[in-house]
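Novice: Before I ask anything, let me first share the structure, which is written out below as C-alpha cells.
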Amino acid sequence: MLDIANVSKSAYYSWKNKTLSEKDLEIIYLITKIFYENKRKFGIRRIQMELINKYKINVNHKKVHRIMKEYGLKTKIRKRVSYKHVNAQRKTENCTIAPNILNGKFDNIIPFKQFCTDVTYLKIKTGKKYYLSVVKDIATGEIVGHYLSDNQNSDLIVNTLNRIKIPIKNSILHSDRGALYSSFQYIQKTKELNITRSMSEPARPTQNAPIKVFSDI
C-alpha cells in the first residue's frame with residue numbers, strides 16, 4: 001500500500017505515531033486530494049492557493065511543504081525544453097524577412113518602380129480550389145504579372161515573376177511575411193531579377209493595401 005501511495009515507511013510511521021487534530025487531518029487529506037487530482041503537477045504554491053480559494057482554508061506555504069515532504073508528495077519534474085530549434089528558426093527568419101521599405105506609403109506616381117504582390121484563392125463550383133498569384137504596379141494599378149495553379153507553393157510565385165514582361169529591374173517588390181515570400185526560391189528569383197524585397201510587419205494587412213484591394217475581391 002505504501003508503494004502504491006508512493007509514501008515512504010518513515011513518513012507512514014511518523015504519521016501513525018503522531019496525534020493529529022481533525023483540522024490537520026482535513027488539511028492533509030485535501031493536500032493529498034489536490035495533488036493527485038492534478039496528476040502530481042501542482043507544487044507547494046499552487047496547492048496553497050487551491051486550499052485558500054477553493055476550500056477557504058488559510059494555510060502557510062511552509063506547512064504545505066512540510067506535509068508534502070512528510071507524505072512523499074513529489075511533483076513530476078518537467079522536462080527541460082530545448083530552444084535550439086527556436087533560435088535556429090529566428091536566425092533563419094532574420095535572413096529571409098525583408099525590411100518594410102514602403103512602410104505604408106503608396107503615393108509613388110512613377111511606373112515600374114514599386115510593385116506589390118499577393119496570393120488569393122478561387123473556389124469553383126466543383127469545390128476545387130485554385131490559387132492566383134498577382135503582381136501589381138502601385139503607380140498605375142496595372143496587374144503586370146499573374147499565375148494560376150492548384151498548388152500554393154514557391155513555384156506559384158516564381159512563375160508569376162517569370163510572366164512579367166515589363167522592366168522591373170532595380171524596382172521594389174512589396175509582400176506580406178508569408179512563407180512563400182520567405183522561401184529560398186523566391187529570394188533567389190528576386191536577386192536574379194535585381195529586385196529589392198519589401199515586407200509588411202506581422203498582422204498588418206493594411207501595409208499591403210494596394211494588392212489587398214484586388215486579392216480580397
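By order in the C-alpha cells, chains are A, B, ...; within a chain, residues start at 1; ligands start at 1, following the order shown.
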Tell me, as a PDB file with N, CA, C and O atoms, in the first residue's frame, which residues lie within 9 Å of His174 (chain A), counting only C-alpha atoms; anything in the same chain fewer than 5 positions away does not count.
Specialist:
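Saved result, selection-v5.pdb, follows:
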```pdb
ATOM      1  N   ASN A 100      10.582  46.646 -44.104  1.00  0.00           N
ATOM      2  CA  ASN A 100       9.384  47.286 -44.658  1.00  0.00           C
ATOM      3  C   ASN A 100       9.792  48.624 -45.280  1.00  0.00           C
ATOM      4  O   ASN A 100       9.675  49.683 -44.652  1.00  0.00           O
ATOM      5  N   ILE A 101      10.260  48.579 -46.507  1.00  0.00           N
ATOM      6  CA  ILE A 101      10.772  49.776 -47.186  1.00  0.00           C
ATOM      7  C   ILE A 101       9.651  50.770 -47.484  1.00  0.00           C
ATOM      8  O   ILE A 101       9.780  51.966 -47.254  1.00  0.00           O
ATOM      9  N   LEU A 102       8.533  50.263 -48.000  1.00  0.00           N
ATOM     10  CA  LEU A 102       7.435  51.161 -48.370  1.00  0.00           C
ATOM     11  C   LEU A 102       6.749  51.777 -47.148  1.00  0.00           C
ATOM     12  O   LEU A 102       6.280  52.910 -47.197  1.00  0.00           O
ATOM     13  N   GLN A 114       7.716  50.597 -58.139  1.00  0.00           N
ATOM     14  CA  GLN A 114       7.231  49.943 -56.929  1.00  0.00           C
ATOM     15  C   GLN A 114       6.072  49.008 -57.271  1.00  0.00           C
ATOM     16  O   GLN A 114       5.111  49.419 -57.915  1.00  0.00           O
ATOM     17  N   PHE A 115       6.208  47.764 -56.821  1.00  0.00           N
ATOM     18  CA  PHE A 115       5.187  46.750 -57.079  1.00  0.00           C
ATOM     19  C   PHE A 115       4.772  46.098 -55.766  1.00  0.00           C
ATOM     20  O   PHE A 115       5.512  46.124 -54.777  1.00  0.00           O
ATOM     21  N   CYS A 116       3.598  45.503 -55.762  1.00  0.00           N
ATOM     22  CA  CYS A 116       3.157  44.707 -54.626  1.00  0.00           C
ATOM     23  C   CYS A 116       2.602  43.383 -55.143  1.00  0.00           C
ATOM     24  O   CYS A 116       2.162  43.286 -56.290  1.00  0.00           O
ATOM     25  N   THR A 117       2.647  42.384 -54.293  1.00  0.00           N
ATOM     26  CA  THR A 117       2.244  41.041 -54.725  1.00  0.00           C
ATOM     27  C   THR A 117       1.507  40.315 -53.606  1.00  0.00           C
ATOM     28  O   THR A 117       1.708  40.591 -52.419  1.00  0.00           O
ATOM     29  N   ASP A 118       0.649  39.400 -54.010  1.00  0.00           N
ATOM     30  CA  ASP A 118      -0.116  38.609 -53.044  1.00  0.00           C
ATOM     31  C   ASP A 118      -0.691  37.385 -53.740  1.00  0.00           C
ATOM     32  O   ASP A 118      -0.689  37.296 -54.974  1.00  0.00           O
ATOM     33  N   THR A 196      14.479  44.558 -55.236  1.00  0.00           N
ATOM     34  CA  THR A 196      14.617  44.728 -53.787  1.00  0.00           C
ATOM     35  C   THR A 196      13.311  44.322 -53.109  1.00  0.00           C
ATOM     36  O   THR A 196      12.250  44.835 -53.445  1.00  0.00           O
ATOM     37  N   ARG A 197      13.407  43.388 -52.184  1.00  0.00           N
ATOM     38  CA  ARG A 197      12.210  42.920 -51.476  1.00  0.00           C
ATOM     39  C   ARG A 197      11.839  43.869 -50.339  1.00  0.00           C
ATOM     40  O   ARG A 197      12.699  44.418 -49.666  1.00  0.00           O
ATOM     41  N   SER A 198      10.530  44.018 -50.135  1.00  0.00           N
ATOM     42  CA  SER A 198       9.992  44.780 -49.008  1.00  0.00           C
ATOM     43  C   SER A 198       8.861  43.955 -48.405  1.00  0.00           C
ATOM     44  O   SER A 198       8.129  43.292 -49.137  1.00  0.00           O
ATOM     45  N   MET A 199       8.719  43.969 -47.087  1.00  0.00           N
ATOM     46  CA  MET A 199       7.690  43.155 -46.437  1.00  0.00           C
ATOM     47  C   MET A 199       6.929  43.943 -45.380  1.00  0.00           C
ATOM     48  O   MET A 199       7.510  44.773 -44.661  1.00  0.00           O
ATOM     49  N   SER A 200       5.641  43.647 -45.274  1.00  0.00           N
ATOM     50  CA  SER A 200       4.815  44.244 -44.231  1.00  0.00           C
ATOM     51  C   SER A 200       5.226  43.699 -42.870  1.00  0.00           C
ATOM     52  O   SER A 200       5.846  42.642 -42.764  1.00  0.00           O
ATOM     53  N   ASN A 208      -0.054  46.347 -47.002  1.00  0.00           N
ATOM     54  CA  ASN A 208      -0.002  45.841 -48.371  1.00  0.00           C
ATOM     55  C   ASN A 208      -1.352  46.123 -49.042  1.00  0.00           C
ATOM     56  O   ASN A 208      -1.856  45.328 -49.824  1.00  0.00           O
TER      57      ASN A 208
END
```
Novice: Extract the full set of strand (DSSP E) residues from region 14-214 of chain A according to DSSP on the backbone, and format it as a PyMOL selection string.
Specialist: chain A and resi 114-123+129-137+143-149+172-175+196-199
Novice: Would you export the selected residues with C-alpha atoms as an mmCIF file, in the first residue's frame, please?
Specialist:
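Listing of part28.cif after writing:
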```
data_model
loop_
_atom_site.group_PDB
_atom_site.id
_atom_site.type_symbol
_atom_site.label_atom_id
_atom_site.label_comp_id
_atom_site.auth_asym_id
_atom_site.auth_seq_id
_atom_site.Cartn_x
_atom_site.Cartn_y
_atom_site.Cartn_z
ATOM 1 C CA GLN A 114 7.231 49.943 -56.929
ATOM 2 C CA PHE A 115 5.187 46.750 -57.079
ATOM 3 C CA CYS A 116 3.157 44.707 -54.626
ATOM 4 C CA THR A 117 2.244 41.041 -54.725
ATOM 5 C CA ASP A 118 -0.116 38.609 -53.044
ATOM 6 C CA VAL A 119 -1.841 35.242 -53.452
ATOM 7 C CA THR A 120 -5.586 34.704 -53.276
ATOM 8 C CA TYR A 121 -7.672 31.571 -53.807
ATOM 9 C CA LEU A 122 -10.555 30.881 -56.145
ATOM 10 C CA LYS A 123 -13.080 28.151 -55.406
ATOM 11 C CA LYS A 129 -9.545 25.372 -55.117
ATOM 12 C CA TYR A 130 -7.096 27.308 -57.277
ATOM 13 C CA TYR A 131 -4.509 29.848 -56.211
ATOM 14 C CA LEU A 132 -3.995 33.093 -58.086
ATOM 15 C CA SER A 133 -0.736 34.966 -57.646
ATOM 16 C CA VAL A 134 -0.539 38.543 -58.927
ATOM 17 C CA VAL A 135 1.953 41.403 -59.130
ATOM 18 C CA LYS A 136 0.586 44.948 -59.309
ATOM 19 C CA ASP A 137 2.255 48.208 -60.298
ATOM 20 C CA ILE A 143 -1.640 43.815 -62.938
ATOM 21 C CA VAL A 144 1.692 43.217 -64.645
ATOM 22 C CA GLY A 145 2.015 39.515 -63.880
ATOM 23 C CA HIS A 146 -0.200 36.676 -62.738
ATOM 24 C CA TYR A 147 -0.173 32.897 -62.456
ATOM 25 C CA LEU A 148 -2.897 30.379 -61.614
ATOM 26 C CA SER A 149 -2.173 26.990 -60.033
ATOM 27 C CA ILE A 172 10.861 47.349 -55.118
ATOM 28 C CA LEU A 173 8.505 44.409 -54.702
ATOM 29 C CA HIS A 174 6.378 44.502 -51.546
ATOM 30 C CA SER A 175 4.634 41.483 -49.989
ATOM 31 C CA THR A 196 14.617 44.728 -53.787
ATOM 32 C CA ARG A 197 12.210 42.920 -51.476
ATOM 33 C CA SER A 198 9.992 44.780 -49.008
ATOM 34 C CA MET A 199 7.690 43.155 -46.437
#
```
Novice: When you draw a straight line from CA of Gly141 (chain A) to CA of Glu192 (chain A), how long is it in Å?
Specialist: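 CA of Gly141 (chain A) sits 24.6 Å away from CA of Glu192 (chain A).
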Novice: For the structure I just gave you, how does DSSP split region 12-215 of chain A - specifically, which residues are helix (DSSP H, G or I)? Reply as JSON, numbers by chain.
Specialist: {"A": [12, 13, 14, 15, 16, 22, 23, 24, 25, 26, 27, 28, 29, 30, 31, 32, 33, 34, 35, 36, 37, 44, 45, 46, 47, 48, 49, 50, 51, 52, 53, 61, 62, 63, 64, 65, 66, 67, 68, 69, 70, 84, 85, 86, 87, 88, 89, 90, 91, 92, 93, 94, 95, 96, 154, 155, 156, 157, 158, 159, 160, 161, 162, 179, 180, 181, 182, 184, 185, 186, 187, 188, 189, 190, 191, 192, 205, 206, 207, 208, 209, 210, 211, 212, 213, 214, 215]}
Novice: Using only C-alpha atoms for the distances, tell me which of A:Thr96, A:Phe35, A:Arg204, A:Ile110 is nearest to Ser182 (chain A).
Specialist: A:Thr96
Novice: Between A:Asn170, A:Thr140, A:Thr32, A:Gln207, single out the one closest to Leu73 (chain A), counting only C-alpha atoms.
Specialist: A:Thr32
Novice: May I ask which of the residues A:Ile124, A:Ile97, A:Leu193, A:Ala209 is the closest one to Gly178 (chain A), counting only C-alpha atoms?
Specialist: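 Using only C-alpha atoms, Gly178 (chain A) sits closest to A:Ile97.
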Novice: Nearest to Thr206 (chain A): which of A:Asn103, A:Asn58, A:Thr19, A:Ser10 is it, counting only C-alpha atoms?
Specialist: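 The closest residue to Thr206 (chain A) is A:Asn103.
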Novice: Between A:Gly43, A:Gly104, A:Pro202, A:Pro210, single out the one closest to Lys74 (chain A), counting only C-alpha atoms.
Specialist: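 Answer, going by the shortest atom-to-atom distance: A:Gly43.
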Novice: Could you tell me which of A:Lys191, A:Arg40, A:Arg177, A:His65 comes closest to Pro205 (chain A) if we count only C-alpha atoms?
Specialist: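 So, comparing all the options, the nearest one is A:Arg177.
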